[in-house]
Every structure is written in C-alpha cells, then in structure tokens.
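> Take a look at final_29.cif, mmCIF, C-alpha atoms:
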```
data_start
#
loop_
_atom_site.label_atom_id
_atom_site.label_comp_id
_atom_site.auth_asym_id
_atom_site.auth_seq_id
_atom_site.Cartn_x
_atom_site.Cartn_y
_atom_site.Cartn_z
CA MET E 1 -59.57 14.33 10.79
CA GLU E 2 -55.96 15.49 10.57
CA THR E 3 -53.97 13.97 7.72
CA LEU E 4 -50.83 12.27 9.01
CA LEU E 5 -47.52 12.30 7.20
CA SER E 6 -45.52 9.23 6.22
CA THR E 7 -41.84 8.91 7.02
CA THR E 8 -41.02 9.88 3.44
CA ASP E 9 -43.30 12.93 3.65
CA ALA E 10 -41.66 14.07 6.90
CA ALA E 11 -38.18 13.52 5.44
CA GLU E 12 -38.99 15.71 2.44
CA ILE E 13 -40.26 18.52 4.69
CA LEU E 14 -37.19 18.32 6.95
CA GLY E 15 -34.78 17.97 4.02
CA VAL E 16 -33.17 14.81 5.35
CA ALA E 17 -33.05 11.10 4.57
CA ALA E 18 -35.92 8.89 5.74
CA ALA E 19 -33.45 7.00 7.93
CA SER E 20 -32.82 10.18 9.94
CA VAL E 21 -36.55 10.64 10.55
CA LYS E 22 -36.81 7.04 11.75
CA ARG E 23 -33.88 7.50 14.13
CA TRP E 24 -35.39 10.67 15.60
CA ALA E 25 -38.78 9.02 16.01
CA ASP E 26 -37.34 5.91 17.64
CA ALA E 27 -35.28 8.09 20.00
CA GLY E 28 -38.40 10.01 21.02
CA LEU E 29 -37.14 13.29 19.57
CA LEU E 30 -39.81 13.55 16.87
CA PRO E 31 -43.28 12.44 18.07
CA CYS E 32 -44.99 9.82 15.95
CA VAL E 33 -47.95 7.49 16.02
CA ARG E 34 -48.07 3.93 14.75
CA THR E 35 -50.56 2.45 12.35
CA ALA E 36 -52.06 -1.01 12.85
CA GLY E 37 -49.22 -2.27 10.69
CA ARG E 38 -46.64 -0.52 12.93
CA HIS E 39 -45.74 2.10 10.32
CA ARG E 40 -44.68 5.50 11.63
CA ARG E 41 -46.97 8.45 11.00
CA PHE E 42 -46.34 12.10 11.90
CA ARG E 43 -48.59 15.04 12.72
CA PRO E 44 -47.78 18.05 10.47
CA GLY E 45 -47.57 20.34 13.50
CA ASP E 46 -44.99 18.11 15.18
CA VAL E 47 -42.87 18.03 12.03
CA ALA E 48 -43.10 21.81 11.65
CA GLU E 49 -42.06 22.35 15.26
CA PHE E 50 -39.13 19.96 14.89
CA ARG E 51 -38.07 21.72 11.70
CA SER E 52 -38.02 25.05 13.53
CA LYS E 53 -35.76 23.55 16.18
CA LEU E 54 -33.35 22.22 13.57
CA GLY E 55 -33.38 25.57 11.78
CA SER E 56 -31.30 26.50 8.74
CA THR E 57 -28.07 24.75 7.81
CA SER E 58 -26.24 28.04 7.20
CA PRO E 59 -23.16 28.69 9.39
CA GLY E 60 -24.81 31.72 10.94
CA ALA E 61 -27.97 29.81 11.82
CA TRP E 62 -25.86 26.97 13.23
CA VAL E 63 -24.02 29.38 15.53
CA ASP E 64 -27.29 31.03 16.59
CA PHE E 65 -28.63 27.59 17.44
CA LEU E 66 -25.55 26.65 19.48
CA VAL E 67 -25.48 29.97 21.36
CA ARG E 68 -29.20 29.82 22.12
CA GLY E 69 -28.56 26.63 24.04
CA GLY E 70 -29.50 23.67 21.85
CA ASP E 71 -29.26 20.72 24.23
CA ALA E 72 -27.24 17.58 23.53
CA TYR E 73 -30.14 15.74 21.91
CA LEU E 74 -30.98 18.58 19.55
CA VAL E 75 -27.35 19.20 18.58
CA HIS E 76 -26.95 15.49 17.92
CA SER E 77 -30.16 15.48 15.86
CA ARG E 78 -29.07 18.47 13.85
CA LEU E 79 -25.75 16.82 13.09
CA LEU E 80 -27.59 13.70 11.92
CA SER E 81 -29.70 15.97 9.72
CA GLU E 82 -26.52 17.36 8.14
CA ARG E 83 -25.23 13.84 7.61
CA GLY E 84 -28.55 12.70 6.15
CA VAL E 85 -28.19 14.93 3.09
CA ARG E 86 -24.57 14.00 2.41
CA ALA E 87 -22.76 10.88 1.29
CA SER E 88 -20.41 10.56 4.25
CA TRP E 89 -19.32 11.98 7.58
CA ARG E 90 -16.21 13.24 5.83
CA GLU E 91 -18.37 15.48 3.62
CA THR E 92 -20.41 16.52 6.66
CA VAL E 93 -17.26 17.50 8.52
CA GLU E 94 -16.24 19.70 5.59
CA ALA E 95 -19.63 21.42 5.75
CA LEU E 96 -19.18 22.11 9.48
CA LEU E 97 -15.87 23.94 9.09
CA PRO E 98 -17.58 27.25 8.18
CA VAL E 99 -19.66 26.91 11.37
CA ILE E 100 -16.52 26.79 13.51
CA GLU E 101 -15.03 29.68 11.53
CA GLU E 102 -18.20 31.74 12.06
CA LEU E 103 -18.10 31.01 15.79
CA GLY E 104 -14.52 32.28 16.00
CA THR E 105 -15.26 35.31 13.84
CA ARG E 106 -18.16 36.39 16.05
CA TRP E 107 -15.99 36.14 19.14
CA GLU E 108 -13.18 38.14 17.50
CA ARG E 109 -15.67 40.86 16.49
CA GLY E 110 -17.01 41.03 20.02
CA ASP E 111 -20.43 39.73 19.01
CA LEU E 112 -20.06 36.87 21.50
CA ARG E 113 -18.75 36.86 25.04
CA ILE E 114 -15.99 34.37 25.76
CA ASP E 115 -18.33 32.28 27.92
CA GLU E 116 -20.86 32.15 25.06
CA GLU E 117 -18.17 31.01 22.64
CA HIS E 118 -17.00 28.35 25.09
CA MET E 119 -20.51 27.06 25.74
CA ALA E 120 -21.35 26.92 22.04
CA SER E 121 -18.11 25.05 21.30
CA GLU E 122 -18.79 22.60 24.12
CA ARG E 123 -22.33 21.92 22.87
CA LEU E 124 -21.02 21.21 19.39
CA ALA E 125 -18.24 18.99 20.75
CA ARG E 126 -20.73 16.95 22.76
CA GLY E 127 -22.94 16.48 19.75
CA LEU E 128 -20.00 15.39 17.62
CA SER E 129 -18.95 12.94 20.33
CA ARG E 130 -22.41 11.34 20.34
CA CYS E 131 -22.20 10.87 16.57
CA ALA E 132 -18.71 9.35 16.77
CA GLU E 133 -19.68 6.94 19.54
CA ALA E 134 -22.43 5.57 17.31
CA LEU E 135 -19.87 4.50 14.69
CA PRO E 136 -18.58 1.06 15.69
CA ALA E 137 -15.00 -0.13 15.41
CA GLY E 138 -14.03 -3.80 15.34
CA ASP E 139 -12.13 -5.49 18.14
CA ASP E 140 -9.02 -5.59 15.96
CA ALA E 141 -9.35 -2.01 14.70
CA PRO E 142 -6.30 0.25 14.99
CA ILE E 143 -6.52 2.74 17.87
CA ALA E 144 -5.83 6.41 17.20
CA LEU E 145 -4.77 8.62 20.10
CA LEU E 146 -6.33 12.10 19.71
CA ALA E 147 -4.46 14.86 21.49
CA ALA E 148 -3.85 18.59 21.53
CA PRO E 149 -0.23 19.34 22.46
CA GLU E 150 0.96 21.46 25.35
CA GLY E 151 -0.08 25.04 24.68
CA GLU E 152 -3.23 24.13 22.70
CA ASP E 153 -6.70 24.35 24.26
CA HIS E 154 -8.92 23.94 21.20
CA THR E 155 -10.14 20.45 20.36
CA LEU E 156 -13.05 20.92 17.95
CA GLY E 157 -10.78 19.99 15.07
CA LEU E 158 -10.00 16.71 16.81
CA SER E 159 -13.73 16.09 17.27
CA LEU E 160 -14.21 16.45 13.52
CA ALA E 161 -11.20 14.24 12.82
CA GLU E 162 -12.66 11.59 15.12
CA LEU E 163 -15.75 11.30 12.92
CA VAL E 164 -13.60 10.80 9.83
CA LEU E 165 -11.51 8.16 11.60
CA ARG E 166 -14.46 6.31 13.12
CA GLU E 167 -16.24 6.24 9.78
CA ALA E 168 -13.11 4.57 8.34
CA GLY E 169 -13.21 1.90 11.05
CA VAL E 170 -10.50 3.33 13.31
CA ALA E 171 -11.05 3.22 17.07
CA THR E 172 -10.23 6.38 19.02
CA ARG E 173 -8.87 7.34 22.41
CA TRP E 174 -8.85 10.89 23.75
CA THR E 175 -6.34 12.72 25.91
CA GLY E 176 -7.72 16.11 24.90
CA ARG E 177 -6.25 19.57 25.39
CA GLN E 178 -2.82 20.50 26.74
CA THR E 179 -1.47 16.92 26.64
CA PRO E 180 2.14 16.61 27.85
CA SER E 181 4.46 15.06 25.28
CA GLN E 182 5.67 12.56 27.89
CA ALA E 183 2.17 11.13 28.23
CA ILE E 184 1.89 10.63 24.48
CA GLU E 185 5.36 9.05 24.33
CA ALA E 186 4.39 6.68 27.15
CA ALA E 187 1.23 5.59 25.31
CA ILE E 188 3.29 4.92 22.18
CA ALA E 189 6.03 3.03 24.01
CA GLY E 190 3.46 0.96 25.90
CA GLY E 191 1.89 -0.29 22.71
CA GLU E 192 -1.45 1.26 23.66
CA VAL E 193 -2.10 2.97 20.33
CA GLY E 194 -1.45 2.39 16.64
CA ILE E 195 -1.80 5.97 15.40
CA VAL E 196 -1.26 9.37 17.01
CA VAL E 197 -3.20 12.41 15.80
CA LEU E 198 -1.98 15.77 17.11
CA ALA E 199 -3.94 18.93 16.31
CA ALA E 200 -3.00 22.55 16.91
CA SER E 201 -5.09 25.44 15.64
CA GLU E 202 -4.63 28.42 17.97
CA MET E 203 -1.05 27.68 19.02
CA ARG E 204 1.33 29.76 16.88
CA ASP E 205 4.68 28.99 18.47
CA ALA E 206 6.44 27.30 15.56
CA LYS E 207 9.54 26.40 17.60
CA SER E 208 7.48 24.66 20.30
CA LEU E 209 5.45 22.77 17.72
CA ALA E 210 8.63 21.69 15.93
CA ARG E 211 10.10 20.43 19.21
CA ILE E 212 6.91 18.50 20.02
CA ALA E 213 6.73 17.05 16.52
CA ARG E 214 10.34 15.84 16.71
CA LYS E 215 9.84 14.22 20.12
CA ILE E 216 6.57 12.47 19.29
CA GLY E 217 7.72 11.59 15.78
CA SER E 218 10.89 9.95 17.13
CA ALA E 219 8.86 7.94 19.63
CA GLY E 220 6.57 6.88 16.80
CA LEU E 221 9.48 5.82 14.62
CA ARG E 222 10.90 3.63 17.40
CA ALA E 223 7.56 1.89 17.91
CA GLY E 224 6.36 1.87 14.31
CA VAL E 225 3.45 4.19 15.14
CA PRO E 226 2.60 6.88 12.56
CA VAL E 227 2.14 10.42 13.90
CA LEU E 228 -0.23 12.76 12.07
CA LEU E 229 -0.03 16.54 12.52
CA GLY E 230 -3.24 18.45 11.85
CA GLY E 231 -4.81 21.86 12.33
CA ALA E 232 -3.82 25.33 11.17
CA GLY E 233 -0.84 25.62 13.53
CA PRO E 234 2.66 26.04 12.04
CA TRP E 235 3.74 22.41 12.27
CA PRO E 236 7.00 21.50 10.53
CA ASP E 237 6.73 19.60 7.27
CA ASP E 238 9.88 17.57 7.75
CA ALA E 239 9.84 16.16 11.30
CA PRO E 240 10.92 12.49 11.05
CA GLY E 241 8.14 10.01 11.76
CA THR E 242 5.35 12.53 11.14
CA THR E 243 2.90 13.23 8.33
CA ARG E 244 1.36 16.66 7.88
CA ILE E 245 -2.40 16.46 7.33
CA THR E 246 -3.87 19.63 5.87
CA SER E 247 -7.53 18.69 5.32
CA PHE E 248 -10.12 16.13 6.29
CA PRO E 249 -10.19 14.60 2.80
CA SER E 250 -6.42 14.09 3.10
CA LEU E 251 -6.96 12.42 6.49
CA ALA E 252 -9.51 10.05 4.97
CA GLU E 253 -7.16 9.34 2.07
CA TRP E 254 -4.27 8.63 4.47
CA VAL E 255 -6.39 6.10 6.37
CA ARG E 256 -7.37 4.38 3.11
CA SER E 257 -3.73 4.26 2.02
CA GLN E 258 -2.80 2.48 5.24
CA GLY E 259 -5.45 -0.18 4.76
CA ALA E 260 -7.08 0.74 8.09
CA SER E 261 -10.52 1.19 6.59
CA THR E 262 -13.03 -1.59 7.31
#
```
Take the structure I supplied and represent it as structure tokens, if you would.

Amino acid sequence: METLLSTTDAAEILGVAAASVKRWADAGLLPCVRTAGRHRRFRPGDVAEFRSKLGSTSPGAWVDFLVRGGDAYLVHSRLLSERGVRASWRETVEALLPVIEELGTRWERGDLRIDEEHMASERLARGLSRCAEALPAGDDAPIALLAAPEGEDHTLGLSLAELVLREAGVATRWTGRQTPSQAIEAAIAGGEVGIVVLAASEMRDAKSLARIARKIGSAGLRAGVPVLLGGAGPWPDDAPGTTRITSFPSLAEWVRSQGAST
C-alpha cells in the first residue's frame, strides 16, 4: 500500500508553510484524501507533480513559468508559495522584483517577442491581483487610488504596491494605465480616496512627470490627501503635496508612519 504524506511532509517537500499546502488542497489545486479523522493526506506522486508545476523560485524559472502559460490558479499558487517562506508580503514583493527585471531584460535582448512579454506580465498581474483581493480591509480603512499617469503603460509596480498596502490594512482602488490627471483630481476633490499612489517606470519625460506631480500634489494639498510618487521614472523630489517613494520597504514604512496600518 502506498504511504501517504501528511500536510507537514508535503510542506517540507514543496518548501512552503503547511498553511499554503492546506490552502492549495482546500482549493482543489493539490489533490488530497481525508482520513477518518478528516486529516489531509497526500500521495507522493501528486506532490511531486505539483512541485514540478511550481518549479524553481529563481527569476529565470519564474519567467519561464509565466511565458509557458501558467494559468491564473497556478500563478496564484506559486505566489502563495513565495509568501509561505517569507515573513510578509512586503518581503515577497522584494523577491519578485528580479523576476520583473528578468522579464524586461529578455525582451530587450530579443529573447521574448513583445506579445510573449505582454502575456507573461498579464499573467503575473492577475496572480498578484488574486493575492491582494484575499487581504481584507476594514470598512473604515483608508482608500488608496492606484494609477499610472498619462504616458505610462506599465502597472506591475502598482500591483506589487497594492500587496504592500493591502497587507497594511489599506483599501485600494484602481484606475490603471494612462490615467488622465483630471480624473485623479476629480477623485481627490470628490472625497473618494484618502491616498493617491502614482507609479511611472518606463516614462522618462521628466518635464511631463513634474507637471503631473505639481497638479496632483496641489489637488492633494487642497483636500488633505497625500500623494505618493513611485517607480523608476524621473519624478521630482520637491513637488508640493507629494512624497517620493523609492522602495517597497519605504512604502510600508510610510503607511506605518501615518497610522493607517490595522
């Protein structure tokens, strides 16, 4: 008779926390059987197959996985696996940055077609969104508007920022890529949001970013809404009403300093 694995045994093989194994089993992603006492037990072959689907945690293996077409459930599961071996989503987000860099590097080298890069980015974004949606925010939680300004199409950085914010108890609302400044100003003036997070990574027009920062920052000052500027774009450091955020740890620290964490 085949020897079945306990949840702890399966977790050790997969290199994750037991809680991750339980979540995957309960979601039907990792097959399990139940003992008479309702304990989960796993067939070694099923665990080995699931491990092969998760693959290595190296940036290169992550990109291979995304390009090969890991569906939403598997991307979500792999992200939970990354989180299971770390203390927080903030640390997990830091570990994912090399994955995004590797994806961009392969496209720049011509190792990926543009449609492959787009599909891989979209798969990762969907997986990150599933993780963020699972992090609850209270009814009285501050709402952060997540937006990429006019001229910016990339939003993966915002997806990572959303996990940091949601983990800290901040609710989020998306407007996504290429958001007109007028729309953000209207949301601020209407009292719809308590924080604005703007991210620009590919946009390199410093004058345009400075103009956007001044407009949104002024609107934030009038309404008492802080405006955070993130990403690698050349944002100004001195636009009134704005705070330059240069890393995800600094984002988490800013949230803590504002008392928004729950």
> Measuring atom to atom with all atoms listed in the file, identify which of E:Glu49, E:Gly194, E:Ala17, E:Ala206 is nearest to E:Glu82.
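For E:Glu82, the nearest of the candidates is E:Ala17.
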> Restricting the calculation to all atoms listed in the file, which member of E:Ser121, E:Ser20, E:Thr172, E:Thr35 is positioned closest to E:Gly69?
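For E:Gly69, the nearest of the candidates is E:Ser121.
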> Spell out the residues picked by the PyMOL selection byres ((chain E and resi 185) around 10) here, as a ChimeraX atom specification.
/E:180-184,186-190,196,215-220,223
> Can you write just those residues out, C-alpha atoms, as a tab-separated table (two decimals), keeping the file's coordinate frame?

```
chain	number	residue	atom	x	y	z
E	180	PRO	CA	2.14	16.61	27.85
E	181	SER	CA	4.46	15.06	25.28
E	182	GLN	CA	5.67	12.56	27.89
E	183	ALA	CA	2.17	11.13	28.23
E	184	ILE	CA	1.89	10.63	24.48
E	186	ALA	CA	4.39	6.68	27.15
E	187	ALA	CA	1.23	5.59	25.31
E	188	ILE	CA	3.29	4.92	22.18
E	189	ALA	CA	6.03	3.03	24.01
E	190	GLY	CA	3.46	0.96	25.90
E	196	VAL	CA	-1.26	9.37	17.01
E	215	LYS	CA	9.84	14.22	20.12
E	216	ILE	CA	6.57	12.47	19.29
E	217	GLY	CA	7.72	11.59	15.78
E	218	SER	CA	10.89	9.95	17.13
E	219	ALA	CA	8.86	7.94	19.63
E	220	GLY	CA	6.57	6.88	16.80
E	223	ALA	CA	7.56	1.89	17.91
```
> So, counting all atoms listed in the file, which residue among E:Ser88, E:Gln258, E:Ser81, E:Ser159 is closest to E:Glu12?
E:Ser81
> For E:Arg173, work out the shell of residues within 10 Å, counting only C-alpha atoms and skipping chain neighbours fewer than 3 positions away, then give it as a ChimeraX atom specification.
/E:143-147,162,176,192-193,196
> Output C-alpha atoms for every residue in that selection, as an mmCIF file, in the frame of the given file.

```
data_model
loop_
_atom_site.group_PDB
_atom_site.id
_atom_site.type_symbol
_atom_site.label_atom_id
_atom_site.label_comp_id
_atom_site.auth_asym_id
_atom_site.auth_seq_id
_atom_site.Cartn_x
_atom_site.Cartn_y
_atom_site.Cartn_z
ATOM 1 C CA ILE E 143 -6.520 2.740 17.870
ATOM 2 C CA ALA E 144 -5.830 6.410 17.200
ATOM 3 C CA LEU E 145 -4.770 8.620 20.100
ATOM 4 C CA LEU E 146 -6.330 12.100 19.710
ATOM 5 C CA ALA E 147 -4.460 14.860 21.490
ATOM 6 C CA GLU E 162 -12.660 11.590 15.120
ATOM 7 C CA GLY E 176 -7.720 16.110 24.900
ATOM 8 C CA GLU E 192 -1.450 1.260 23.660
ATOM 9 C CA VAL E 193 -2.100 2.970 20.330
ATOM 10 C CA VAL E 196 -1.260 9.370 17.010
#
```
> Which one is closest to E:Gly259: E:Met119, E:Ala141, E:Leu14, E:Gly28? Count all atoms listed in the file.
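Smallest separation from E:Gly259 among the options: E:Ala141.
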> So which residues fall inside 6 Å of (-1.4, 15.2, 15.2) if we count all atoms listed in the file? Mind giving them as a list in words?
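Those residues, ordered by chain and then number, are Val197, Leu198, Ala199, Leu228, Leu229 and Gly230 of chain E.
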> Those selected residues, please, written with C-alpha atoms and delivered as an mmCIF file, in the coordinates of the input.

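Okay, selection.cif is ready:
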```cif
data_model
loop_
_atom_site.group_PDB
_atom_site.id
_atom_site.type_symbol
_atom_site.label_atom_id
_atom_site.label_comp_id
_atom_site.auth_asym_id
_atom_site.auth_seq_id
_atom_site.Cartn_x
_atom_site.Cartn_y
_atom_site.Cartn_z
ATOM 1 C CA VAL E 197 -3.200 12.410 15.800
ATOM 2 C CA LEU E 198 -1.980 15.770 17.110
ATOM 3 C CA ALA E 199 -3.940 18.930 16.310
ATOM 4 C CA LEU E 228 -0.230 12.760 12.070
ATOM 5 C CA LEU E 229 -0.030 16.540 12.520
ATOM 6 C CA GLY E 230 -3.240 18.450 11.850
#
```
> Using the chain letters and residue numbers of this document, give as an MDAnalysis selection string the residues selected by the PyMOL selection byres ((chain E and resi 241-252) around 8).
chainID E and resid 90 93:94 161 164:165 168 213:214 217:218 220:221 226:232 235:240 253:256
> With C-alpha atoms retained, write the just-selected residues as a PDB file, in the frame of the given file.

```pdb
ATOM      1  CA  ARG E  90     -16.210  13.240   5.830  1.00  0.00           C
ATOM      2  CA  VAL E  93     -17.260  17.500   8.520  1.00  0.00           C
ATOM      3  CA  GLU E  94     -16.240  19.700   5.590  1.00  0.00           C
ATOM      4  CA  ALA E 161     -11.200  14.240  12.820  1.00  0.00           C
ATOM      5  CA  VAL E 164     -13.600  10.800   9.830  1.00  0.00           C
ATOM      6  CA  LEU E 165     -11.510   8.160  11.600  1.00  0.00           C
ATOM      7  CA  ALA E 168     -13.110   4.570   8.340  1.00  0.00           C
ATOM      8  CA  ALA E 213       6.730  17.050  16.520  1.00  0.00           C
ATOM      9  CA  ARG E 214      10.340  15.840  16.710  1.00  0.00           C
ATOM     10  CA  GLY E 217       7.720  11.590  15.780  1.00  0.00           C
ATOM     11  CA  SER E 218      10.890   9.950  17.130  1.00  0.00           C
ATOM     12  CA  GLY E 220       6.570   6.880  16.800  1.00  0.00           C
ATOM     13  CA  LEU E 221       9.480   5.820  14.620  1.00  0.00           C
ATOM     14  CA  PRO E 226       2.600   6.880  12.560  1.00  0.00           C
ATOM     15  CA  VAL E 227       2.140  10.420  13.900  1.00  0.00           C
ATOM     16  CA  LEU E 228      -0.230  12.760  12.070  1.00  0.00           C
ATOM     17  CA  LEU E 229      -0.030  16.540  12.520  1.00  0.00           C
ATOM     18  CA  GLY E 230      -3.240  18.450  11.850  1.00  0.00           C
ATOM     19  CA  GLY E 231      -4.810  21.860  12.330  1.00  0.00           C
ATOM     20  CA  ALA E 232      -3.820  25.330  11.170  1.00  0.00           C
ATOM     21  CA  TRP E 235       3.740  22.410  12.270  1.00  0.00           C
ATOM     22  CA  PRO E 236       7.000  21.500  10.530  1.00  0.00           C
ATOM     23  CA  ASP E 237       6.730  19.600   7.270  1.00  0.00           C
ATOM     24  CA  ASP E 238       9.880  17.570   7.750  1.00  0.00           C
ATOM     25  CA  ALA E 239       9.840  16.160  11.300  1.00  0.00           C
ATOM     26  CA  PRO E 240      10.920  12.490  11.050  1.00  0.00           C
ATOM     27  CA  GLU E 253      -7.160   9.340   2.070  1.00  0.00           C
ATOM     28  CA  TRP E 254      -4.270   8.630   4.470  1.00  0.00           C
ATOM     29  CA  VAL E 255      -6.390   6.100   6.370  1.00  0.00           C
ATOM     30  CA  ARG E 256      -7.370   4.380   3.110  1.00  0.00           C
TER      31      ARG E 256
END
```
> Determine, counting all atoms listed in the file, which protein, DNA and RNA residues have an atom within 9 Å of an atom of E:Ile13; residues of the same chain fewer than 6 positions away are not included. Present the result as a PDB file with C-alpha atoms, in the frame of the given file.

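This went into result18.pdb:
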```pdb
ATOM      1  CA  VAL E  47     -42.870  18.030  12.030  1.00  0.00           C
ATOM      2  CA  ALA E  48     -43.100  21.810  11.650  1.00  0.00           C
ATOM      3  CA  ARG E  51     -38.070  21.720  11.700  1.00  0.00           C
TER       4      ARG E  51
END
```
> How far is it from atom CA of E:Asp140 to atom CA of E:Gly224, in Å with one decimal?
17.2 Å
> Between atom CA of E:Trp107 and atom CA of E:Ala200, what is the distance in Å, rounded to a tenth?
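So the answer is 18.9 Å.
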> Could you list, as JSON, numbers by chain, every residue matched by the PyMOL selection byres ((chain E and resi 41) around 8) in this structure?
{"E": [4, 5, 6, 7, 32, 33, 34, 35, 39, 40, 42, 43]}
> Which residue gives the smallest distance to E:Arg106 among E:Pro149, E:Pro59, E:Pro142, E:Gly127, with all atoms listed in the file counted?
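Between E:Pro149, E:Pro59, E:Pro142, E:Gly127, the residue approaching E:Arg106 most closely is E:Pro59.
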> Would you pick out the contacts of stretch 74-77 of chain E at 9 Å or less, using all atoms listed in the file, so that residues sharing its chain but fewer than 6 positions from it are not included, and give the list as a PyMOL selection string?
chain E and resi 20+23-24+29+53-54+65-66+123-124+126-131
> Of the candidates E:Arg177, E:Ala171, E:Asp26, E:Gly60, which shows the shortest atom-to-atom distance to E:Ala134, using only C-alpha atoms?
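Among E:Arg177, E:Ala171, E:Asp26, E:Gly60, it is E:Ala171 that comes nearest to E:Ala134.
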> So the first atom is atom CA of E:Ala18 and the second is atom CA of E:Arg166; what is the distance between them in Å, to one decimal place?
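Taking atom CA of E:Ala18 as the start and atom CA of E:Arg166 as the end point, the length is 22.8 Å.
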